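**Student:** This is upload-v7.cif (mmCIF, N, CA and C atoms).
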data_target
loop_
_atom_site.group_PDB
_atom_site.id
_atom_site.type_symbol
_atom_site.label_atom_id
_atom_site.label_comp_id
_atom_site.auth_asym_id
_atom_site.auth_seq_id
_atom_site.Cartn_x
_atom_site.Cartn_y
_atom_site.Cartn_z
ATOM 1 N N MET A 1 4.339 -70.715 47.461
ATOM 2 C CA MET A 1 4.956 -71.235 48.662
ATOM 3 C C MET A 1 4.375 -70.507 49.863
ATOM 4 N N ASP A 2 4.145 -71.242 50.919
ATOM 5 C CA ASP A 2 3.585 -70.678 52.139
ATOM 6 C C ASP A 2 4.607 -69.775 52.811
ATOM 7 N N ILE A 3 4.190 -68.573 53.144
ATOM 8 C CA ILE A 3 5.089 -67.592 53.756
ATOM 9 C C ILE A 3 5.564 -68.039 55.131
ATOM 10 N N THR A 4 4.815 -68.918 55.773
ATOM 11 C CA THR A 4 5.224 -69.381 57.105
ATOM 12 C C THR A 4 6.496 -70.219 57.036
ATOM 13 N N PHE A 5 6.856 -70.701 55.845
ATOM 14 C CA PHE A 5 8.097 -71.453 55.683
ATOM 15 C C PHE A 5 9.300 -70.619 56.096
ATOM 16 N N PHE A 6 9.210 -69.321 55.869
ATOM 17 C CA PHE A 6 10.320 -68.427 56.173
ATOM 18 C C PHE A 6 10.183 -67.803 57.560
ATOM 19 N N SER A 7 9.519 -68.469 58.432
ATOM 20 C CA SER A 7 9.339 -67.956 59.784
ATOM 21 C C SER A 7 10.620 -68.110 60.588
ATOM 22 N N HIS A 8 10.584 -67.622 61.791
ATOM 23 C CA HIS A 8 11.743 -67.682 62.689
ATOM 24 C C HIS A 8 12.183 -69.127 62.940
ATOM 25 N N GLU A 9 11.249 -70.048 62.941
ATOM 26 C CA GLU A 9 11.576 -71.456 63.189
ATOM 27 C C GLU A 9 12.509 -72.024 62.126
ATOM 28 N N ASN A 10 12.434 -71.513 60.923
ATOM 29 C CA ASN A 10 13.267 -72.018 59.830
ATOM 30 C C ASN A 10 14.502 -71.159 59.571
ATOM 31 N N GLU A 11 14.796 -70.277 60.484
ATOM 32 C CA GLU A 11 15.943 -69.389 60.302
ATOM 33 C C GLU A 11 17.243 -70.179 60.163
ATOM 34 N N ASN A 12 17.396 -71.252 60.949
ATOM 35 C CA ASN A 12 18.604 -72.074 60.844
ATOM 36 C C ASN A 12 18.736 -72.692 59.456
ATOM 37 N N LEU A 13 17.618 -73.129 58.895
ATOM 38 C CA LEU A 13 17.637 -73.704 57.551
ATOM 39 C C LEU A 13 18.063 -72.653 56.524
ATOM 40 N N LEU A 14 17.541 -71.454 56.647
ATOM 41 C CA LEU A 14 17.901 -70.379 55.723
ATOM 42 C C LEU A 14 19.388 -70.037 55.832
ATOM 43 N N VAL A 15 19.915 -70.018 57.046
ATOM 44 C CA VAL A 15 21.340 -69.742 57.247
ATOM 45 C C VAL A 15 22.173 -70.848 56.608
ATOM 46 N N ALA A 16 21.755 -72.102 56.784
ATOM 47 C CA ALA A 16 22.490 -73.230 56.198
ATOM 48 C C ALA A 16 22.471 -73.161 54.673
ATOM 49 N N ILE A 17 21.343 -72.802 54.097
ATOM 50 C CA ILE A 17 21.239 -72.676 52.633
ATOM 51 C C ILE A 17 22.167 -71.565 52.140
ATOM 52 N N LYS A 18 22.140 -70.428 52.823
ATOM 53 C CA LYS A 18 23.009 -69.319 52.422
ATOM 54 C C LYS A 18 24.476 -69.717 52.528
ATOM 55 N N ASN A 19 24.847 -70.388 53.613
ATOM 56 C CA ASN A 19 26.235 -70.828 53.777
ATOM 57 C C ASN A 19 26.637 -71.809 52.679
ATOM 58 N N GLY A 20 25.714 -72.692 52.311
ATOM 59 C CA GLY A 20 25.983 -73.633 51.225
ATOM 60 C C GLY A 20 26.240 -72.916 49.913
ATOM 61 N N TRP A 21 25.405 -71.926 49.579
ATOM 62 C CA TRP A 21 25.593 -71.160 48.347
ATOM 63 C C TRP A 21 26.905 -70.397 48.376
ATOM 64 N N ASP A 22 27.224 -69.819 49.527
ATOM 65 C CA ASP A 22 28.497 -69.089 49.653
ATOM 66 C C ASP A 22 29.686 -70.010 49.388
ATOM 67 N N LYS A 23 29.632 -71.233 49.921
ATOM 68 C CA LYS A 23 30.721 -72.192 49.726
ATOM 69 C C LYS A 23 30.815 -72.591 48.255
ATOM 70 N N LEU A 24 29.673 -72.834 47.607
ATOM 71 C CA LEU A 24 29.691 -73.168 46.181
ATOM 72 C C LEU A 24 30.295 -72.040 45.359
ATOM 73 N N GLU A 25 29.919 -70.808 45.646
ATOM 74 C CA GLU A 25 30.474 -69.664 44.920
ATOM 75 C C GLU A 25 31.977 -69.562 45.133
ATOM 76 N N GLU A 26 32.429 -69.853 46.344
ATOM 77 C CA GLU A 26 33.869 -69.831 46.618
ATOM 78 C C GLU A 26 34.602 -70.848 45.747
ATOM 79 N N TYR A 27 34.058 -72.055 45.640
ATOM 80 C CA TYR A 27 34.691 -73.086 44.817
ATOM 81 C C TYR A 27 34.634 -72.734 43.338
ATOM 82 N N TYR A 28 33.521 -72.167 42.881
ATOM 83 C CA TYR A 28 33.432 -71.762 41.478
ATOM 84 C C TYR A 28 34.455 -70.686 41.163
ATOM 85 N N ARG A 29 34.667 -69.746 42.082
ATOM 86 C CA ARG A 29 35.680 -68.709 41.858
ATOM 87 C C ARG A 29 37.067 -69.324 41.773
ATOM 88 N N LYS A 30 37.344 -70.322 42.602
ATOM 89 C CA LYS A 30 38.654 -70.975 42.560
ATOM 90 C C LYS A 30 38.857 -71.693 41.234
ATOM 91 N N ILE A 31 37.817 -72.344 40.738
ATOM 92 C CA ILE A 31 37.924 -73.020 39.446
ATOM 93 C C ILE A 31 38.183 -71.991 38.352
ATOM 94 N N ASP A 32 37.420 -70.908 38.368
ATOM 95 C CA ASP A 32 37.572 -69.880 37.337
ATOM 96 C C ASP A 32 38.915 -69.171 37.427
ATOM 97 N N ASP A 33 39.550 -69.176 38.586
ATOM 98 C CA ASP A 33 40.864 -68.557 38.745
ATOM 99 C C ASP A 33 41.992 -69.428 38.210
ATOM 100 N N SER A 34 41.748 -70.701 38.049
ATOM 101 C CA SER A 34 42.795 -71.618 37.634
ATOM 102 C C SER A 34 43.236 -71.328 36.203
ATOM 103 N N LEU A 35 44.525 -71.112 36.040
ATOM 104 C CA LEU A 35 45.085 -70.808 34.722
ATOM 105 C C LEU A 35 44.809 -71.931 33.733
ATOM 106 N N PHE A 36 44.978 -73.161 34.175
ATOM 107 C CA PHE A 36 44.813 -74.271 33.245
ATOM 108 C C PHE A 36 43.348 -74.546 32.935
ATOM 109 N N TYR A 37 42.465 -74.220 33.854
ATOM 110 C CA TYR A 37 41.037 -74.304 33.563
ATOM 111 C C TYR A 37 40.683 -73.284 32.483
ATOM 112 N N ILE A 38 41.170 -72.083 32.651
ATOM 113 C CA ILE A 38 40.908 -71.035 31.664
ATOM 114 C C ILE A 38 41.465 -71.448 30.308
ATOM 115 N N ALA A 39 42.693 -71.953 30.288
ATOM 116 C CA ALA A 39 43.309 -72.367 29.024
ATOM 117 C C ALA A 39 42.520 -73.489 28.366
ATOM 118 N N SER A 40 42.053 -74.458 29.150
ATOM 119 C CA SER A 40 41.314 -75.579 28.552
ATOM 120 C C SER A 40 40.000 -75.118 27.950
ATOM 121 N N VAL A 41 39.345 -74.153 28.571
ATOM 122 C CA VAL A 41 38.091 -73.636 28.012
ATOM 123 C C VAL A 41 38.367 -72.813 26.753
ATOM 124 N N VAL A 42 39.376 -71.958 26.812
ATOM 125 C CA VAL A 42 39.695 -71.091 25.668
ATOM 126 C C VAL A 42 40.143 -71.924 24.466
ATOM 127 N N LEU A 43 40.869 -73.005 24.711
ATOM 128 C CA LEU A 43 41.342 -73.835 23.608
ATOM 129 C C LEU A 43 40.276 -74.799 23.091
ATOM 130 N N ASN A 44 39.166 -74.911 23.804
ATOM 131 C CA ASN A 44 38.062 -75.751 23.342
ATOM 132 C C ASN A 44 37.363 -75.040 22.191
ATOM 133 N N PRO A 45 37.311 -75.654 21.004
ATOM 134 C CA PRO A 45 36.731 -74.964 19.847
ATOM 135 C C PRO A 45 35.258 -74.598 20.018
ATOM 136 N N VAL A 46 34.569 -75.278 20.907
ATOM 137 C CA VAL A 46 33.152 -74.973 21.129
ATOM 138 C C VAL A 46 32.999 -73.704 21.968
ATOM 139 N N HIS A 47 33.842 -73.535 22.971
ATOM 140 C CA HIS A 47 33.672 -72.430 23.919
ATOM 141 C C HIS A 47 34.486 -71.190 23.587
ATOM 142 N N LYS A 48 35.783 -71.365 23.472
ATOM 143 C CA LYS A 48 36.717 -70.244 23.279
ATOM 144 C C LYS A 48 36.461 -69.150 24.319
ATOM 145 N N TRP A 49 36.684 -67.907 23.966
ATOM 146 C CA TRP A 49 36.491 -66.811 24.916
ATOM 147 C C TRP A 49 35.016 -66.512 25.154
ATOM 148 N N ARG A 50 34.124 -66.963 24.257
ATOM 149 C CA ARG A 50 32.692 -66.682 24.416
ATOM 150 C C ARG A 50 32.163 -67.179 25.764
ATOM 151 N N TYR A 51 32.688 -68.308 26.227
ATOM 152 C CA TYR A 51 32.240 -68.881 27.499
ATOM 153 C C TYR A 51 32.460 -67.885 28.637
ATOM 154 N N PHE A 52 33.658 -67.329 28.720
ATOM 155 C CA PHE A 52 33.961 -66.404 29.803
ATOM 156 C C PHE A 52 33.275 -65.060 29.610
ATOM 157 N N ILE A 53 33.142 -64.615 28.396
ATOM 158 C CA ILE A 53 32.442 -63.351 28.131
ATOM 159 C C ILE A 53 31.007 -63.449 28.644
ATOM 160 N N LYS A 54 30.381 -64.601 28.426
ATOM 161 C CA LYS A 54 28.999 -64.795 28.869
ATOM 162 C C LYS A 54 28.899 -64.963 30.386
ATOM 163 N N ARG A 55 29.787 -65.782 30.964
ATOM 164 C CA ARG A 55 29.715 -66.070 32.401
ATOM 165 C C ARG A 55 30.177 -64.908 33.266
ATOM 166 N N TRP A 56 31.139 -64.139 32.785
ATOM 167 C CA TRP A 56 31.716 -63.081 33.598
ATOM 168 C C TRP A 56 31.247 -61.698 33.157
ATOM 169 N N ILE A 57 30.042 -61.623 32.631
ATOM 170 C CA ILE A 57 29.538 -60.344 32.110
ATOM 171 C C ILE A 57 29.536 -59.255 33.185
ATOM 172 N N GLU A 58 29.340 -59.653 34.441
ATOM 173 C CA GLU A 58 29.321 -58.673 35.529
ATOM 174 C C GLU A 58 30.716 -58.418 36.100
ATOM 175 N N HIS A 59 31.726 -59.130 35.566
ATOM 176 C CA HIS A 59 33.096 -58.988 36.080
ATOM 177 C C HIS A 59 34.090 -58.845 34.928
ATOM 178 N N PRO A 60 34.050 -57.740 34.197
ATOM 179 C CA PRO A 60 34.969 -57.581 33.066
ATOM 180 C C PRO A 60 36.439 -57.597 33.488
ATOM 181 N N ASP A 61 36.708 -57.231 34.732
ATOM 182 C CA ASP A 61 38.091 -57.270 35.219
ATOM 183 C C ASP A 61 38.599 -58.710 35.296
ATOM 184 N N TRP A 62 37.717 -59.679 35.562
ATOM 185 C CA TRP A 62 38.112 -61.090 35.567
ATOM 186 C C TRP A 62 38.527 -61.517 34.168
ATOM 187 N N LEU A 63 37.781 -61.058 33.169
ATOM 188 C CA LEU A 63 38.085 -61.414 31.780
ATOM 189 C C LEU A 63 39.439 -60.832 31.372
ATOM 190 N N THR A 64 39.682 -59.593 31.739
ATOM 191 C CA THR A 64 40.970 -58.961 31.435
ATOM 192 C C THR A 64 42.110 -59.725 32.093
ATOM 193 N N ALA A 65 41.931 -60.095 33.355
ATOM 194 C CA ALA A 65 42.965 -60.845 34.077
ATOM 195 C C ALA A 65 43.197 -62.212 33.434
ATOM 196 N N ALA A 66 42.119 -62.862 33.003
ATOM 197 C CA ALA A 66 42.248 -64.184 32.365
ATOM 198 C C ALA A 66 43.016 -64.074 31.053
ATOM 199 N N LYS A 67 42.746 -63.043 30.283
ATOM 200 C CA LYS A 67 43.461 -62.861 29.015
ATOM 201 C C LYS A 67 44.945 -62.608 29.252
ATOM 202 N N ILE A 68 45.258 -61.866 30.286
ATOM 203 C CA ILE A 68 46.665 -61.626 30.616
ATOM 204 C C ILE A 68 47.333 -62.933 31.031
ATOM 205 N N LYS A 69 46.632 -63.737 31.841
ATOM 206 C CA LYS A 69 47.189 -65.028 32.276
ATOM 207 C C LYS A 69 47.470 -65.940 31.087
ATOM 208 N N ILE A 70 46.544 -65.978 30.138
ATOM 209 C CA ILE A 70 46.729 -66.839 28.960
ATOM 210 C C ILE A 70 47.894 -66.326 28.119
ATOM 211 N N GLN A 71 48.025 -65.024 27.989
ATOM 212 C CA GLN A 71 49.146 -64.461 27.236
ATOM 213 C C GLN A 71 50.475 -64.811 27.906
ATOM 214 N N ILE A 72 50.537 -64.712 29.219
ATOM 215 C CA ILE A 72 51.761 -65.069 29.939
ATOM 216 C C ILE A 72 52.055 -66.557 29.773
ATOM 217 N N LEU A 73 51.015 -67.389 29.848
ATOM 218 C CA LEU A 73 51.192 -68.831 29.637
ATOM 219 C C LEU A 73 51.785 -69.095 28.261
ATOM 220 N N TRP A 74 51.236 -68.447 27.250
ATOM 221 C CA TRP A 74 51.721 -68.620 25.872
ATOM 222 C C TRP A 74 53.181 -68.180 25.760
ATOM 223 N N LEU A 75 53.484 -67.000 26.261
ATOM 224 C CA LEU A 75 54.846 -66.475 26.150
ATOM 225 C C LEU A 75 55.852 -67.319 26.934
ATOM 226 N N THR A 76 55.442 -67.821 28.083
ATOM 227 C CA THR A 76 56.350 -68.566 28.951
ATOM 228 C C THR A 76 56.626 -69.980 28.454
ATOM 229 N N PHE A 77 55.590 -70.682 28.026
ATOM 230 C CA PHE A 77 55.747 -72.106 27.737
ATOM 231 C C PHE A 77 55.689 -72.497 26.264
ATOM 232 N N TYR A 78 55.001 -71.733 25.429
ATOM 233 C CA TYR A 78 54.720 -72.226 24.090
ATOM 234 C C TYR A 78 55.306 -71.418 22.945
ATOM 235 N N LYS A 79 55.470 -70.149 23.096
ATOM 236 C CA LYS A 79 55.905 -69.322 21.969
ATOM 237 C C LYS A 79 57.236 -69.793 21.405
ATOM 238 N N ALA A 80 58.165 -70.165 22.264
ATOM 239 C CA ALA A 80 59.491 -70.597 21.810
ATOM 240 C C ALA A 80 59.440 -71.924 21.063
ATOM 241 N N THR A 81 58.391 -72.708 21.267
ATOM 242 C CA THR A 81 58.300 -74.010 20.600
ATOM 243 C C THR A 81 57.708 -73.911 19.202
ATOM 244 N N VAL A 82 57.074 -72.800 18.886
ATOM 245 C CA VAL A 82 56.475 -72.615 17.563
ATOM 246 C C VAL A 82 57.520 -71.998 16.654
ATOM 247 N N LYS A 83 57.817 -72.683 15.585
ATOM 248 C CA LYS A 83 58.811 -72.188 14.639
ATOM 249 C C LYS A 83 58.104 -71.876 13.324
ATOM 250 N N PRO A 84 57.826 -70.601 13.082
ATOM 251 C CA PRO A 84 57.122 -70.247 11.857
ATOM 252 C C PRO A 84 57.976 -70.522 10.619
ATOM 253 N N SER A 85 57.322 -70.957 9.604
ATOM 254 C CA SER A 85 57.996 -71.253 8.350
ATOM 255 C C SER A 85 58.206 -69.961 7.572
ATOM 256 N N SER A 86 59.350 -69.847 6.896
ATOM 257 C CA SER A 86 59.611 -68.636 6.115
ATOM 258 C C SER A 86 58.829 -68.636 4.814
ATOM 259 N N SER A 87 58.464 -69.823 4.334
ATOM 260 C CA SER A 87 57.638 -69.909 3.131
ATOM 261 C C SER A 87 56.644 -71.043 3.321
ATOM 262 N N PRO A 88 55.513 -70.957 2.668
ATOM 263 C CA PRO A 88 54.515 -72.011 2.835
ATOM 264 C C PRO A 88 55.052 -73.353 2.356
ATOM 265 N N ALA A 89 54.720 -74.369 3.093
ATOM 266 C CA ALA A 89 55.160 -75.719 2.717
ATOM 267 C C ALA A 89 54.301 -76.231 1.570
ATOM 268 N N ILE A 90 54.961 -76.688 0.536
ATOM 269 C CA ILE A 90 54.254 -77.270 -0.604
ATOM 270 C C ILE A 90 54.699 -78.719 -0.699
ATOM 271 N N LEU A 91 53.738 -79.592 -0.615
ATOM 272 C CA LEU A 91 54.059 -81.011 -0.703
ATOM 273 C C LEU A 91 54.050 -81.422 -2.167
ATOM 274 N N ARG A 92 55.124 -81.996 -2.581
ATOM 275 C CA ARG A 92 55.228 -82.452 -3.963
ATOM 276 C C ARG A 92 55.073 -83.963 -3.995
ATOM 277 N N SER A 93 54.393 -84.414 -4.980
ATOM 278 C CA SER A 93 54.177 -85.845 -5.131
ATOM 279 C C SER A 93 55.306 -86.438 -5.968
ATOM 280 N N SER A 94 55.696 -87.645 -5.612
ATOM 281 C CA SER A 94 56.717 -88.336 -6.407
ATOM 282 C C SER A 94 56.064 -89.093 -7.567
ATOM 283 N N ARG A 95 54.785 -88.967 -7.686
ATOM 284 C CA ARG A 95 54.010 -89.656 -8.725
ATOM 285 C C ARG A 95 54.309 -89.049 -10.086
ATOM 286 N N THR A 96 54.424 -89.902 -11.081
ATOM 287 C CA THR A 96 54.711 -89.435 -12.441
ATOM 288 C C THR A 96 53.467 -89.455 -13.325
ATOM 289 N N SER A 97 52.398 -90.111 -12.862
ATOM 290 C CA SER A 97 51.179 -90.167 -13.650
ATOM 291 C C SER A 97 49.990 -89.703 -12.811
ATOM 292 N N ASP A 98 48.901 -89.375 -13.458
ATOM 293 C CA ASP A 98 47.688 -88.953 -12.761
ATOM 294 C C ASP A 98 47.066 -90.160 -12.046
ATOM 295 N N PRO A 99 46.386 -89.925 -10.937
ATOM 296 C CA PRO A 99 45.745 -91.039 -10.233
ATOM 297 C C PRO A 99 44.585 -91.608 -11.067
ATOM 298 N N ASP A 100 44.360 -92.898 -10.939
ATOM 299 C CA ASP A 100 43.214 -93.498 -11.632
ATOM 300 C C ASP A 100 41.969 -93.316 -10.773
ATOM 301 N N ASP A 101 40.828 -93.827 -11.242
ATOM 302 C CA ASP A 101 39.570 -93.648 -10.523
ATOM 303 C C ASP A 101 39.593 -94.258 -9.135
ATOM 304 N N PHE A 102 40.273 -95.357 -8.961
ATOM 305 C CA PHE A 102 40.344 -96.014 -7.665
ATOM 306 C C PHE A 102 41.146 -95.178 -6.660
ATOM 307 N N GLU A 103 42.235 -94.572 -7.087
ATOM 308 C CA GLU A 103 43.087 -93.790 -6.204
ATOM 309 C C GLU A 103 42.426 -92.500 -5.833
#
How does the structure come out when it is put into structure tokens?
**Tutor:**
Amino acid sequence: MDITFFSHENENLLVAIKNGWDKLEEYYRKIDDSLFYIASVVLNPVHKWRYFIKRWIEHPDWLTAAKIKIQILWLTFYKATVKPSSSPAILRSSRTSDPDDFE
């Protein structure tokens, strides 16, 4: 690239580009701060916590905060709805004979 591109004449363009990047970073931070965005990524079997570990490698405090938010979400809205079974459920068949080849 020609060095003259970055001359004083293009200073306004450089300022506009920097401002654009700053605005994009601001929006990305807002998305990453959203509790439900974090929950949807963590609950996605493809991503789980690996997504945030990779993206926030330079911000381990963000990862810690996200884990706390997810724990609070779980405790506040979902833990009471999960009723653990005291014994494993065993499904019994009402069938009296073995299945044939078709079944």
**Student:** Env of segment 35-42 of chain A: 8 Å cut, atoms = all atoms listed in the file, seq-sep filter 6 positions within chain, self excluded. Answer as a list in words.
**Tutor:**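 Non-adjacent residues within range: Lys48, Trp49, Arg50, Tyr51, Phe52, Ala66, Lys69 and Ile70 of chain A.
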**Student:** Take the residues just selected and output them with N, CA and C atoms as a CSV table (one decimal), in the frame of the given file.
**Tutor:**
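Saved the output as again_29.csv:
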chain,number,residue,atom,x,y,z
A,48,LYS,N,35.8,-71.4,23.5
A,48,LYS,CA,36.7,-70.2,23.3
A,48,LYS,C,36.5,-69.2,24.3
A,49,TRP,N,36.7,-67.9,24.0
A,49,TRP,CA,36.5,-66.8,24.9
A,49,TRP,C,35.0,-66.5,25.2
A,50,ARG,N,34.1,-67.0,24.3
A,50,ARG,CA,32.7,-66.7,24.4
A,50,ARG,C,32.2,-67.2,25.8
A,51,TYR,N,32.7,-68.3,26.2
A,51,TYR,CA,32.2,-68.9,27.5
A,51,TYR,C,32.5,-67.9,28.6
A,52,PHE,N,33.7,-67.3,28.7
A,52,PHE,CA,34.0,-66.4,29.8
A,52,PHE,C,33.3,-65.1,29.6
A,66,ALA,N,42.1,-62.9,33.0
A,66,ALA,CA,42.2,-64.2,32.4
A,66,ALA,C,43.0,-64.1,31.1
A,69,LYS,N,46.6,-63.7,31.8
A,69,LYS,CA,47.2,-65.0,32.3
A,69,LYS,C,47.5,-65.9,31.1
A,70,ILE,N,46.5,-66.0,30.1
A,70,ILE,CA,46.7,-66.8,29.0
A,70,ILE,C,47.9,-66.3,28.1
**Student:** When you draw a straight line from atom C of Glu26 of chain A to atom N of Tyr78 of chain A, how long is it in Å?
**Tutor:** 28.8 Å
**Student:** Rounded to one decimal, what separation in Å do you get between atom CA of Lys30 of chain A and atom CA of Thr64 of chain A?
**Tutor:** 16.5 Å
**Student:** May I ask for the distance between atom N of Ala65 of chain A and atom CA of Arg29 of chain A, given in Å to one decimal place?
**Tutor:** 13.6 Å
**Student:** Output, as JSON, the centre and edge lengths in Å (one decimal) of the axis-aligned box that contains all listed atoms of segment 75-83 of chain A with 8 Å of margin on each side.
**Tutor:**
{"center_x": 56.5, "center_y": -70.2, "center_z": 21.1, "size_x": 22.0, "size_y": 23.5, "size_z": 31.6}
